[in-house]
Amino acid sequence: MFNLIVSAKGDVTSVTKDRILERLYTKDHIRRQFVTADGDIDRRKLETLPVLLVEEFKDDVKVPVRVGYFTAPFSDDVKQSLFIPSFTAEILQDNLSAFSMVEWENTHTHWAVKEGDLFQILGNIFESRPDCKNRINQFPIEQIVSNRVAVMMSFKAEYDDTYETIKQACSQEGYEAKRVDEFYDPTSIPEQIIELINSSAYVIADISELNANVLFEAGYAAGVQKPTILVTSTSDTPVPFDIRHIRYFSYLNNKQGRKKLFTSVVYALQSLQAR
């Protein structure tokens with residue numbers, strides 16, 4: 001499901017409460033999922049869905065359409081998706097049924113919830129239109145925060161002390177370590193990861209337990225040529241042969257082992273700075 005927000009000013013604030021989840025535009029079985037027992041709109045639940053935001057339009061199909069996410073609880077700010085740039089309302093007008101929109105819905109300020117995977121819908125439409133080929137997965141260049149280090153690792157509690165060690169090592173060298181779960185944006189973790197990697201000076205990837213997500217993230221970092229420090233806790237799981245040639249730092253996930261990790265991260269950061 002996804003939020004469809006049509007407003008006179010192309011923003012969220014101009015949509016009044018009585019125009020949220022109107023029955024003409026939101027099916028009853030969907031509406032019930034976002035209305036409390038007291039009849040109030042569950043705004044927090046709505047905010048977990050992606051947003052398609054457009055200004056009211058009739059003949060002017062060149063008005064921009066934005067796809068994104070709410071940036072914070074009860075915020076009216078919609079952050080543009082990294083995966084899908086803005087496009088014109090002509091695509092909406094030509095594909096009303098694909099977006100579960102009724103005729104003239106685009107001329108009425110309201111906030112509806114529609115069925116379907118918004119990104120799959122857009123992907124199918126873009127793929128079928130020669131003028132929209134390759135619009136998905138075009139990642140904008142982020143402004144690099146020179147003292148930020150992106151940390152990719154498991155969120156398991158047993159690695160909390162490991163993360164704290166990495167943060168301390170980064171801090172000693174004048175860097176701020178950031179992990180994606182420290183940002184509010186529950187519906188767009190993949191985009192947050194990409195943004196975090198792109199906007200950081202370096203990446204530290206803890207590939208302990210061969211965490212599939214971390215391996216993917218380390219691969220993405222390598223693909224965009226982001227300097228990356230690989231670390232792994234010593235275990236029975238060997239480092240895959242196809243990345244075994246890349247230098248990595250091993251450590252035991254205990255107090256003594258994390259002291260070694262601290263020293264390794266400091267050394268690696270100093271080496272990167274010296275390049």
# chains A, B, ... in the order shown; residues from 1 in each chain; ligands from 1
>>> residues_around(residues="Val266 in chain A", least_positions_apart="6", cutoff="12 Å", atoms="only C-alpha atoms", output="PyMOL selection string")
chain A and resi 165-175+204+229+249+259-260+272-273
>>> residues_around(residues="Val231 in chain A", least_positions_apart="6", cutoff="12 Å", atoms="only C-alpha atoms", output="MDAnalysis selection string")
chainID A and resid 151:153 162:163 166 203:210 214:215 218 239 244 246:253 257:258 260:265 268
>>> atom_distance(atom1="CA of Arg31 in chain A", atom2="CA of Leu118 in chain A")
17.6 Å
>>> closest_residue(among="A:Pro50, A:Ser233, A:Met101, A:Glu22", to="Asp117 in chain A", atoms="only C-alpha atoms")
A:Pro50
>>> select_by_dssp(residues="range 148-220 of chain A", states="helix (DSSP H, G or I)", output="JSON, numbers by chain")
{"A": [157, 158, 159, 160, 161, 162, 163, 164, 165, 166, 167, 168, 169, 170, 171, 172, 180, 181, 182, 189, 190, 191, 192, 193, 194, 195, 196, 197, 198, 199, 208, 209, 210, 212, 213, 214, 215, 216, 217, 218, 219, 220]}
>>> residues_around(residues="range 94-97 of chain A", least_positions_apart="5", cutoff="10 Å", atoms="only C-alpha atoms", output="PyMOL selection string")
chain A and resi 61+89+102-106+121-122+125
>>> closest_residue(among="A:Ala37, A:Val113, A:Leu49, A:Ala150", to="Arg19 in chain A", atoms="only C-alpha atoms")
A:Val113
>>> closest_residue(among="A:Ser128, A:Thr107, A:Asn3, A:Thr16", to="Arg66 in chain A", atoms="only C-alpha atoms")
A:Asn3
